Structures are given as C-alpha cells and as structure tokens.
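Heads up, query.cif below (mmCIF, C-alpha atoms):
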```cif
data_target
loop_
_atom_site.label_atom_id
_atom_site.label_comp_id
_atom_site.auth_asym_id
_atom_site.auth_seq_id
_atom_site.Cartn_x
_atom_site.Cartn_y
_atom_site.Cartn_z
CA MET F 129 -82.48 -33.87 -91.45
CA ARG F 130 -85.84 -32.17 -91.45
CA ASN F 131 -86.50 -33.41 -94.98
CA LEU F 132 -84.89 -36.61 -96.19
CA GLU F 133 -85.60 -36.13 -99.90
CA THR F 134 -84.10 -32.65 -99.96
CA ALA F 135 -81.01 -33.94 -98.16
CA VAL F 136 -80.64 -36.93 -100.50
CA GLU F 137 -80.92 -34.71 -103.58
CA PHE F 138 -78.37 -32.33 -102.10
CA TYR F 139 -75.82 -35.06 -101.31
CA GLU F 140 -76.28 -36.67 -104.73
CA ALA F 141 -75.94 -33.40 -106.64
CA THR F 142 -73.20 -31.84 -104.53
CA PHE F 143 -71.01 -34.74 -103.49
CA GLY F 144 -71.87 -37.27 -106.17
CA LEU F 145 -72.92 -39.93 -103.66
CA SER F 146 -75.50 -42.62 -104.51
CA VAL F 147 -78.27 -44.14 -102.45
CA ALA F 148 -77.38 -47.73 -101.50
CA GLY F 149 -80.58 -48.36 -99.57
CA ARG F 150 -83.65 -46.80 -98.01
CA GLU F 151 -85.48 -47.99 -94.93
CA THR F 152 -88.20 -46.90 -92.57
CA ASN F 153 -87.84 -48.21 -89.04
CA GLU F 154 -91.01 -47.64 -87.03
CA THR F 155 -89.40 -48.90 -83.83
CA GLN F 156 -86.64 -46.32 -84.03
CA GLY F 157 -88.99 -43.69 -85.45
CA VAL F 158 -86.90 -42.83 -88.50
CA THR F 159 -86.91 -42.98 -92.26
CA GLU F 160 -83.47 -43.00 -93.79
CA ALA F 161 -81.19 -43.29 -96.78
CA MET F 162 -77.72 -44.84 -96.79
CA LEU F 163 -75.37 -43.12 -99.24
CA TYR F 164 -72.36 -45.14 -100.28
CA VAL F 165 -68.99 -43.42 -99.81
CA ALA F 166 -66.23 -46.01 -100.21
CA ASP F 167 -65.23 -49.60 -99.61
CA ALA F 168 -62.81 -50.34 -96.80
CA PRO F 169 -61.39 -53.54 -95.30
CA GLY F 170 -63.69 -53.35 -92.27
CA GLY F 171 -66.78 -52.83 -94.42
CA ALA F 172 -67.99 -50.03 -96.68
CA SER F 173 -68.52 -46.53 -95.31
CA TYR F 174 -71.75 -44.62 -95.73
CA VAL F 175 -73.38 -41.31 -94.99
CA GLN F 176 -76.66 -42.13 -93.25
CA LEU F 177 -79.33 -39.45 -93.67
CA LEU F 178 -82.12 -39.65 -91.08
CA GLU F 179 -85.52 -37.97 -90.89
CA PRO F 180 -87.66 -38.54 -87.79
CA LEU F 181 -91.16 -39.99 -88.26
CA ALA F 182 -92.45 -37.78 -85.44
CA ALA F 183 -91.22 -35.08 -83.06
CA ASP F 184 -91.43 -37.46 -80.09
CA THR F 185 -88.66 -39.81 -81.26
CA PRO F 186 -84.93 -39.83 -80.46
CA VAL F 187 -84.01 -38.16 -83.77
CA GLY F 188 -86.99 -35.80 -83.51
CA ARG F 189 -85.81 -34.67 -80.08
CA PHE F 190 -82.24 -34.31 -81.36
CA LEU F 191 -83.46 -32.00 -84.15
CA GLU F 192 -85.55 -29.99 -81.70
CA THR F 193 -82.67 -29.58 -79.25
CA ARG F 194 -79.61 -29.26 -81.46
CA GLY F 195 -80.92 -28.61 -84.95
CA GLU F 196 -79.64 -30.39 -88.04
CA GLY F 197 -76.15 -31.80 -87.76
CA VAL F 198 -74.15 -34.94 -87.09
CA HIS F 199 -76.27 -37.38 -85.07
CA HIS F 200 -73.78 -40.22 -84.54
CA ILE F 201 -70.60 -41.87 -85.79
CA GLY F 202 -70.52 -45.58 -86.60
CA TYR F 203 -67.53 -47.93 -86.67
CA GLY F 204 -67.38 -51.29 -88.39
CA VAL F 205 -66.64 -54.21 -86.06
CA ALA F 206 -66.19 -57.92 -86.79
CA ASP F 207 -68.42 -59.09 -83.93
CA VAL F 208 -70.75 -56.58 -82.33
CA ALA F 209 -71.76 -58.87 -79.45
CA ALA F 210 -68.12 -59.48 -78.51
CA ALA F 211 -67.27 -55.79 -78.85
CA LEU F 212 -70.23 -54.85 -76.66
CA GLU F 213 -69.18 -57.33 -73.98
CA GLN F 214 -65.62 -55.97 -74.01
CA LEU F 215 -66.83 -52.36 -73.75
CA ARG F 216 -69.23 -53.24 -70.94
CA SER F 217 -66.38 -54.83 -69.00
CA ASP F 218 -64.31 -51.68 -69.66
CA GLY F 219 -67.02 -49.68 -67.92
CA ILE F 220 -68.30 -47.91 -71.03
CA ARG F 221 -71.92 -46.79 -70.66
CA LEU F 222 -74.09 -48.56 -73.22
CA VAL F 223 -77.33 -47.45 -74.87
CA ASP F 224 -78.02 -50.97 -76.16
CA GLU F 225 -77.31 -53.85 -73.78
CA GLN F 226 -77.73 -56.30 -76.66
CA PRO F 227 -77.15 -55.96 -80.43
CA ARG F 228 -80.20 -55.05 -82.50
CA HIS F 229 -81.11 -54.80 -86.17
CA GLY F 230 -79.67 -51.86 -88.07
CA SER F 231 -79.61 -50.57 -91.63
CA LEU F 232 -78.73 -52.76 -94.61
CA GLY F 233 -79.16 -55.90 -92.52
CA ALA F 234 -76.38 -54.97 -90.09
CA SER F 235 -76.26 -55.89 -86.43
CA ILE F 236 -75.69 -52.74 -84.38
CA ALA F 237 -75.38 -51.32 -80.90
CA PHE F 238 -75.09 -47.76 -79.62
CA LEU F 239 -72.71 -46.53 -76.91
CA HIS F 240 -73.68 -43.61 -74.72
CA PRO F 241 -72.19 -40.22 -75.68
CA LYS F 242 -71.45 -39.46 -72.03
CA SER F 243 -68.76 -42.14 -72.10
CA ILE F 244 -67.22 -40.97 -75.38
CA GLY F 245 -66.66 -37.23 -75.26
CA GLY F 246 -70.17 -36.30 -76.31
CA VAL F 247 -70.13 -38.48 -79.43
CA LEU F 248 -73.05 -40.88 -79.84
CA THR F 249 -71.14 -43.90 -81.18
CA GLU F 250 -72.49 -46.92 -83.02
CA LEU F 251 -70.90 -50.32 -83.52
CA VAL F 252 -71.86 -51.88 -86.86
CA GLN F 253 -71.37 -55.50 -87.85
CA SER F 254 -72.29 -55.55 -91.52
CA ALA F 255 -74.55 -58.28 -92.90
CA ASN F 256 -71.91 -59.60 -95.28
CA GLY F 257 -68.89 -59.55 -93.07
CA MET M 101 -62.06 -32.43 -76.62
CA ARG M 102 -61.23 -30.55 -73.46
CA ASN M 103 -58.16 -32.72 -72.90
CA LEU M 104 -56.41 -34.28 -75.87
CA GLU M 105 -54.28 -36.75 -73.91
CA THR M 106 -57.25 -38.15 -72.03
CA ALA M 107 -59.16 -38.55 -75.30
CA VAL M 108 -56.23 -40.22 -77.06
CA GLU M 109 -55.77 -42.68 -74.20
CA PHE M 110 -59.49 -43.43 -74.25
CA TYR M 111 -59.63 -44.07 -78.00
CA GLU M 112 -56.51 -46.23 -77.90
CA ALA M 113 -57.70 -48.30 -74.94
CA THR M 114 -61.36 -48.57 -75.90
CA PHE M 115 -61.35 -48.78 -79.70
CA GLY M 116 -57.80 -50.02 -80.31
CA LEU M 117 -56.93 -47.11 -82.60
CA SER M 118 -53.35 -45.85 -82.99
CA VAL M 119 -51.98 -42.33 -83.31
CA ALA M 120 -50.77 -41.73 -86.87
CA GLY M 121 -49.64 -38.16 -86.24
CA ARG M 122 -49.75 -35.24 -83.84
CA GLU M 123 -49.67 -31.58 -84.73
CA THR M 124 -50.12 -28.19 -83.15
CA ASN M 125 -51.44 -25.53 -85.50
CA GLU M 126 -51.11 -22.07 -83.97
CA THR M 127 -52.98 -20.45 -86.87
CA GLN M 128 -56.02 -22.64 -86.31
CA GLY M 129 -55.57 -22.58 -82.54
CA VAL M 130 -55.61 -26.35 -82.05
CA THR M 131 -53.45 -29.21 -80.95
CA GLU M 132 -54.52 -32.55 -82.35
CA ALA M 133 -53.98 -36.24 -82.88
CA MET M 134 -54.94 -38.22 -85.96
CA LEU M 135 -56.00 -41.78 -85.14
CA TYR M 136 -55.85 -44.22 -88.01
CA VAL M 137 -59.06 -46.17 -88.69
CA ALA M 138 -58.77 -47.89 -92.08
CA ASP M 139 -57.42 -47.60 -95.58
CA ALA M 140 -59.83 -46.84 -98.39
CA PRO M 141 -59.44 -46.18 -102.12
CA GLY M 142 -59.96 -42.43 -101.68
CA GLY M 143 -57.39 -42.23 -98.88
CA ALA M 144 -57.21 -43.57 -95.34
CA SER M 145 -59.84 -42.60 -92.79
CA TYR M 146 -58.99 -41.15 -89.40
CA VAL M 147 -60.57 -39.96 -86.20
CA GLN M 148 -59.15 -36.49 -85.58
CA LEU M 149 -59.12 -35.47 -81.92
CA LEU M 150 -58.85 -31.70 -81.38
CA GLU M 151 -58.10 -29.64 -78.29
CA PRO M 152 -58.24 -25.83 -78.54
CA LEU M 153 -55.13 -23.85 -77.60
CA ALA M 154 -57.34 -21.13 -76.09
CA ALA M 155 -61.00 -20.37 -75.44
CA ASP M 156 -61.02 -17.67 -78.14
CA THR M 157 -60.45 -20.02 -81.09
CA PRO M 158 -62.97 -21.72 -83.41
CA VAL M 159 -62.72 -25.05 -81.56
CA GLY M 160 -62.66 -23.26 -78.18
CA ARG M 161 -65.90 -21.48 -79.05
CA PHE M 162 -67.42 -24.74 -80.32
CA LEU M 163 -66.66 -26.41 -76.96
CA GLU M 164 -68.09 -23.46 -75.06
CA THR M 165 -71.30 -23.41 -77.12
CA ARG M 166 -72.00 -27.06 -77.81
CA GLY M 167 -69.75 -29.02 -75.48
CA GLU M 168 -67.68 -31.99 -76.56
CA GLY M 169 -68.90 -33.78 -79.66
CA VAL M 170 -68.42 -34.14 -83.39
CA HIS M 171 -66.82 -30.98 -84.75
CA HIS M 172 -66.72 -31.76 -88.47
CA ILE M 173 -66.79 -34.52 -91.09
CA GLY M 174 -64.08 -34.75 -93.76
CA TYR M 175 -64.25 -36.38 -97.19
CA GLY M 176 -61.28 -37.40 -99.32
CA VAL M 177 -61.16 -35.71 -102.73
CA ALA M 178 -58.69 -36.12 -105.59
CA ASP M 179 -58.28 -32.37 -106.21
CA VAL M 180 -59.41 -29.99 -103.49
CA ALA M 181 -59.00 -26.84 -105.64
CA ALA M 182 -61.16 -28.31 -108.41
CA ALA M 183 -63.77 -29.55 -105.91
CA LEU M 184 -63.89 -26.13 -104.27
CA GLU M 185 -64.40 -24.42 -107.62
CA GLN M 186 -67.22 -26.82 -108.50
CA LEU M 187 -68.93 -26.30 -105.14
CA ARG M 188 -68.58 -22.53 -105.39
CA SER M 189 -70.25 -22.61 -108.82
CA ASP M 190 -73.00 -24.80 -107.31
CA GLY M 191 -73.70 -21.99 -104.85
CA ILE M 192 -72.38 -23.82 -101.76
CA ARG M 193 -71.26 -21.42 -99.05
CA LEU M 194 -67.54 -21.83 -98.39
CA VAL M 195 -65.53 -21.21 -95.24
CA ASP M 196 -62.24 -21.36 -97.18
CA GLU M 197 -62.13 -19.63 -100.55
CA GLN M 198 -58.79 -21.29 -101.28
CA PRO M 199 -57.27 -24.60 -100.12
CA ARG M 200 -55.01 -24.40 -97.09
CA HIS M 201 -52.63 -26.69 -95.22
CA GLY M 202 -54.24 -29.42 -93.12
CA SER M 203 -53.15 -32.37 -91.01
CA LEU M 204 -50.63 -34.96 -92.22
CA GLY M 205 -49.57 -32.69 -95.10
CA ALA M 206 -53.03 -32.66 -96.67
CA SER M 207 -54.53 -29.79 -98.62
CA ILE M 208 -57.93 -28.95 -97.16
CA ALA M 209 -60.90 -26.60 -97.35
CA PHE M 210 -63.98 -26.23 -95.16
CA LEU M 211 -67.55 -25.78 -96.40
CA HIS M 212 -70.05 -23.83 -94.31
CA PRO M 213 -72.47 -25.90 -92.22
CA LYS M 214 -75.35 -23.63 -93.20
CA SER M 215 -75.15 -25.05 -96.73
CA ILE M 216 -74.93 -28.67 -95.60
CA GLY M 217 -77.64 -29.40 -93.07
CA GLY M 218 -75.68 -28.12 -90.09
CA VAL M 219 -72.64 -30.29 -90.78
CA LEU M 220 -69.29 -28.51 -90.90
CA THR M 221 -67.76 -30.36 -93.84
CA GLU M 222 -64.10 -30.59 -94.85
CA LEU M 223 -62.58 -31.56 -98.18
CA VAL M 224 -59.25 -33.36 -97.80
CA GLN M 225 -56.72 -34.01 -100.54
CA SER M 226 -54.16 -36.26 -98.90
CA ALA M 227 -50.44 -35.58 -99.32
CA ASN M 228 -49.79 -38.88 -101.05
CA GLY M 229 -52.69 -39.04 -103.41
#
```
Please render this file's structure as structure tokens.
Amino acid sequence: MRNLETAVEFYEATFGLSVAGRETNETQGVTEAMLYVADAPGGASYVQLLEPLAADTPVGRFLETRGEGVHHIGYGVADVAAALEQLRSDGIRLVDEQPRHGSLGASIAFLHPKSIGGVLTELVQSANG
Amino acid sequence: MRNLETAVEFYEATFGLSVAGRETNETQGVTEAMLYVADAPGGASYVQLLEPLAADTPVGRFLETRGEGVHHIGYGVADVAAALEQLRSDGIRLVDEQPRHGSLGASIAFLHPKSIGGVLTELVQSANG
C-alpha cells in the first residue's frame, strides 16, 4: 500500500477487521499492520498491510512495478526449518535459505515466485504454535 | 495458471494440499480446482487454481497482462447479499451488483480492485453456512 494508515482505516471500516499488531522492520524496509481475520487449526489468518519505508526496497520496487495489489501469500507450517529443507530437496527455488524473523514473533521464509506460478509464497511458523 | 493439471500436481506434491472439488464454468470462462487448506469458523479456506478456457476471458486477459500470479482474494461472509448492500452504501465499487453462483455451491460477489488497493476481492457465502 502507498499509505498504511489509509489502508488500515479502509479495512477496519469496510471489512470490520481489527489490527492485531503493528511493526516496522528496517531490515526489510517496511512498516506494516496485521489485521486479524480468523482462527484456524494451523494458526490464525491475517491480512498483512505493508507500506515501504523507501522506494529502493523490495516492497517499494513492487509498488513501482506492479502498483498496489497482493504482494504475497503465506501458509502456516508447524516447522519452517523442516519445511524449507523439504522444499529445497524438492528443487523449489528459495528466497530465504534459512528461516528469519517475521511479524508477530513468527519464524518465516519466502519461496521464489518463479517456482510457484508467479506467487511469492511465505512459510509462517507462528510464535505460539 | 496456464495449465491447471500441472498446477494441481505441483500444489499436491509440494504443499500436500488435496483437491476438494473441480468445476468448469463456461459463463466465467474458467476451469478450476479448489484445494482445501484448513477449516475456520467463517468457513473453510481454499487455494483456488484457475485456468482460462480461452484467451478472451477475464482470467485469460489477466494472464496475458500480468502473467501467472494471485488473481483474487476471497473472504467468507455470513450473508453475501447483505454484505454487498452494505458495501454499496459505503460507496465501494462493485463488479457484481447481485450475488451469483460460485465454486462448491457458494454464493459469491466480486468487488472492484480500484476500491480496494488493487486487490480483486471476492465475498463468499459457503453453501453449508
């Protein structure tokens, strides 16, 4: 999103979602809000709204190239390191060779969209599960 | 997706998802598979893989313009007609003025991406809830 606050207000007013957490991650170059959607056995689902901290960041370049839209899709996994190892052995192209810190204390890793029909895909091991 | 069967095989083998239903919708110009992800209070969540029946269809044009990727995001709602009426009164631009038939017997309606930060958004009232 070009403006996080506008997007948050829109999602709250229009879809009745609530902010579960806000974070700014200088390393990834984003400021974000996680909007809670629903609980599920594999971990809760969220809409993650992202605003780049600068044009020269991954999300900044995405906005410049493609405009606002869906940046990635994340799936809950029980063990992100094990899942990453399995996917690597399956020949899936990885963005992250090792898990790193994600939103809400999760451990995450991204898979390359080239391997997955153009969909930037994230594995998310939530902090409490 | 350019090839539904290849995509289904990939999602089954790589992410361990299973096909919950297949449909071809001539009106919408797509053939599709719904892959079950998880149950949730508002209705189960799925990955919907779509292949256009022809180039001159909405999904065919999407592939031509943007390539493979995320086409839309769907949210479960209790009453799609009521939600649509609320969104219309909120000034949200609608693709569907009235609910229509969707996958797995659901009643659905699309909202215009221009109103929602570039995200083509679908409301889904599942058949059994």
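Closest approach to chain F among M:Gly167, M:Gly129, M:Pro158, M:Gly116: M:Gly167, based on only C-alpha atoms.
Here the PyMOL selection byres ((chain F) within 6 of (chain M)) catches exactly these residues: F:Ala168, F:Glu196, F:Gly197, F:Gly245, F:Gly246, F:Val247.
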Between atom CA of Ala206 of chain M and atom CA of Leu135 of chain M, what is the distance in Å, rounded to a tenth? 15.0 Å
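Put simply, the PyMOL selection byres ((chain F and resi 176) around 9) on this file hits Glu160, Ala161, Met162, Leu163, Tyr164, Tyr174, Val175, Leu177 and Leu178 of chain F.
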So what do you get for atom CA of Glu151 of chain M versus atom CA of Leu163 of chain M, distance-wise? 9.2 Å
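The spacing separating atom CA of Pro152 of chain M from atom CA of Pro199 of chain M amounts to 21.6 Å.
Non-sequential neighbours of Val180 of chain M (distance at most 8 Å, separation of 4 or more positions within a chain, only C-alpha atoms) are Leu184, Pro199, Ser207, Ile208, Ala209, Leu223, Val224 and Gln225 of chain M.
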What does the file look like for those residues with C-alpha atoms, as a short mmCIF file (atom, residue, chain, number, x, y, z; two decimals), in the frame of the given file?
```cif
data_model
loop_
_atom_site.label_atom_id
_atom_site.label_comp_id
_atom_site.auth_asym_id
_atom_site.auth_seq_id
_atom_site.Cartn_x
_atom_site.Cartn_y
_atom_site.Cartn_z
CA LEU M 184 -63.89 -26.13 -104.27
CA PRO M 199 -57.27 -24.60 -100.12
CA SER M 207 -54.53 -29.79 -98.62
CA ILE M 208 -57.93 -28.95 -97.16
CA ALA M 209 -60.90 -26.60 -97.35
CA LEU M 223 -62.58 -31.56 -98.18
CA VAL M 224 -59.25 -33.36 -97.80
CA GLN M 225 -56.72 -34.01 -100.54
#
```
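The residues returned by the PyMOL selection byres ((chain M and resi 194) around 8) on the shown structure are Arg188, Ile192, Arg193, Val195, Asp196, Glu197, Phe210, Leu211 and His212 of chain M.
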Name the residues in contact with segment 200-205 of chain M at a cut-off of 7 Å, using all atoms listed in the file, excluding same-chain residues fewer than 4 positions from it; report them as a PDB file with C-alpha atoms, keeping the file's coordinate frame.
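As written to disk, around_15.pdb reads:
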```pdb
ATOM      1  CA  GLY M 121     -49.640 -38.160 -86.240  1.00  0.00           C
ATOM      2  CA  ALA M 209     -60.900 -26.600 -97.350  1.00  0.00           C
ATOM      3  CA  SER M 226     -54.160 -36.260 -98.900  1.00  0.00           C
ATOM      4  CA  ALA M 227     -50.440 -35.580 -99.320  1.00  0.00           C
TER       5      ALA M 227
END
```
Atom completion result for segment 204-230 of chain F (N, CA, C and O atoms) as a CSV table (one decimal), keeping the file's coordinate frame:
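Output file out.csv is given in full below:
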```csv
chain,number,residue,atom,x,y,z
F,204,GLY,N,-67.2,-49.9,-88.0
F,204,GLY,CA,-67.4,-51.3,-88.4
F,204,GLY,C,-66.6,-52.2,-87.4
F,204,GLY,O,-65.5,-51.8,-87.0
F,205,VAL,N,-67.3,-53.2,-86.9
F,205,VAL,CA,-66.6,-54.2,-86.1
F,205,VAL,C,-66.9,-55.6,-86.6
F,205,VAL,O,-67.9,-55.8,-87.3
F,206,ALA,N,-66.0,-56.6,-86.3
F,206,ALA,CA,-66.2,-57.9,-86.8
F,206,ALA,C,-67.3,-58.7,-86.1
F,206,ALA,O,-68.0,-59.5,-86.6
F,207,ASP,N,-67.5,-58.4,-84.8
F,207,ASP,CA,-68.4,-59.1,-83.9
F,207,ASP,C,-69.0,-58.1,-82.9
F,207,ASP,O,-68.4,-57.8,-81.9
F,208,VAL,N,-70.2,-57.6,-83.2
F,208,VAL,CA,-70.8,-56.6,-82.3
F,208,VAL,C,-71.1,-57.1,-80.9
F,208,VAL,O,-70.9,-56.3,-79.9
F,209,ALA,N,-71.5,-58.3,-80.8
F,209,ALA,CA,-71.8,-58.9,-79.4
F,209,ALA,C,-70.5,-58.9,-78.6
F,209,ALA,O,-70.5,-58.6,-77.4
F,210,ALA,N,-69.4,-59.4,-79.2
F,210,ALA,CA,-68.1,-59.5,-78.5
F,210,ALA,C,-67.6,-58.1,-78.2
F,210,ALA,O,-67.1,-57.9,-77.0
F,211,ALA,N,-67.7,-57.2,-79.1
F,211,ALA,CA,-67.3,-55.8,-78.8
F,211,ALA,C,-68.1,-55.2,-77.7
F,211,ALA,O,-67.5,-54.5,-76.8
F,212,LEU,N,-69.4,-55.4,-77.7
F,212,LEU,CA,-70.2,-54.8,-76.7
F,212,LEU,C,-69.9,-55.4,-75.3
F,212,LEU,O,-69.8,-54.7,-74.3
F,213,GLU,N,-69.6,-56.7,-75.2
F,213,GLU,CA,-69.2,-57.3,-74.0
F,213,GLU,C,-67.9,-56.7,-73.5
F,213,GLU,O,-67.7,-56.5,-72.3
F,214,GLN,N,-66.9,-56.6,-74.4
F,214,GLN,CA,-65.6,-56.0,-74.0
F,214,GLN,C,-65.8,-54.5,-73.5
F,214,GLN,O,-65.2,-54.2,-72.4
F,215,LEU,N,-66.6,-53.8,-74.2
F,215,LEU,CA,-66.8,-52.4,-73.8
F,215,LEU,C,-67.6,-52.3,-72.4
F,215,LEU,O,-67.3,-51.4,-71.6
F,216,ARG,N,-68.5,-53.2,-72.2
F,216,ARG,CA,-69.2,-53.2,-70.9
F,216,ARG,C,-68.2,-53.5,-69.8
F,216,ARG,O,-68.3,-52.9,-68.8
F,217,SER,N,-67.3,-54.5,-70.1
F,217,SER,CA,-66.4,-54.8,-69.0
F,217,SER,C,-65.4,-53.7,-68.8
F,217,SER,O,-64.7,-53.6,-67.7
F,218,ASP,N,-65.2,-52.9,-69.8
F,218,ASP,CA,-64.3,-51.7,-69.7
F,218,ASP,C,-65.0,-50.5,-68.9
F,218,ASP,O,-64.4,-49.5,-68.7
F,219,GLY,N,-66.3,-50.7,-68.6
F,219,GLY,CA,-67.0,-49.7,-67.9
F,219,GLY,C,-67.6,-48.6,-68.8
F,219,GLY,O,-68.1,-47.6,-68.3
F,220,ILE,N,-67.7,-48.9,-70.1
F,220,ILE,CA,-68.3,-47.9,-71.0
F,220,ILE,C,-69.8,-48.0,-70.9
F,220,ILE,O,-70.4,-49.1,-70.8
F,221,ARG,N,-70.5,-46.8,-70.8
F,221,ARG,CA,-71.9,-46.8,-70.7
F,221,ARG,C,-72.6,-47.1,-72.0
F,221,ARG,O,-72.2,-46.5,-73.0
F,222,LEU,N,-73.5,-48.1,-72.0
F,222,LEU,CA,-74.1,-48.6,-73.2
F,222,LEU,C,-75.5,-48.0,-73.4
F,222,LEU,O,-76.2,-47.8,-72.4
F,223,VAL,N,-75.9,-47.7,-74.6
F,223,VAL,CA,-77.3,-47.4,-74.9
F,223,VAL,C,-78.1,-48.8,-75.1
F,223,VAL,O,-79.1,-49.0,-74.6
F,224,ASP,N,-77.4,-49.7,-75.9
F,224,ASP,CA,-78.0,-51.0,-76.2
F,224,ASP,C,-77.3,-52.1,-75.4
F,224,ASP,O,-76.1,-52.2,-75.6
F,225,GLU,N,-77.9,-52.8,-74.5
F,225,GLU,CA,-77.3,-53.8,-73.8
F,225,GLU,C,-77.1,-55.1,-74.7
F,225,GLU,O,-76.2,-55.9,-74.4
F,226,GLN,N,-77.9,-55.2,-75.7
F,226,GLN,CA,-77.7,-56.3,-76.7
F,226,GLN,C,-77.7,-55.7,-78.1
F,226,GLN,O,-78.4,-54.7,-78.3
F,227,PRO,N,-77.1,-56.4,-79.0
F,227,PRO,CA,-77.2,-56.0,-80.4
F,227,PRO,C,-78.6,-56.0,-80.9
F,227,PRO,O,-79.4,-56.8,-80.5
F,228,ARG,N,-78.9,-55.0,-81.9
F,228,ARG,CA,-80.2,-55.0,-82.5
F,228,ARG,C,-80.0,-54.8,-84.0
F,228,ARG,O,-78.9,-54.6,-84.5
F,229,HIS,N,-81.2,-54.9,-84.7
F,229,HIS,CA,-81.1,-54.8,-86.2
F,229,HIS,C,-80.9,-53.4,-86.6
F,229,HIS,O,-81.6,-52.5,-86.1
F,230,GLY,N,-79.9,-53.2,-87.5
F,230,GLY,CA,-79.7,-51.9,-88.1
F,230,GLY,C,-79.9,-51.8,-89.6
F,230,GLY,O,-80.5,-52.7,-90.1
```
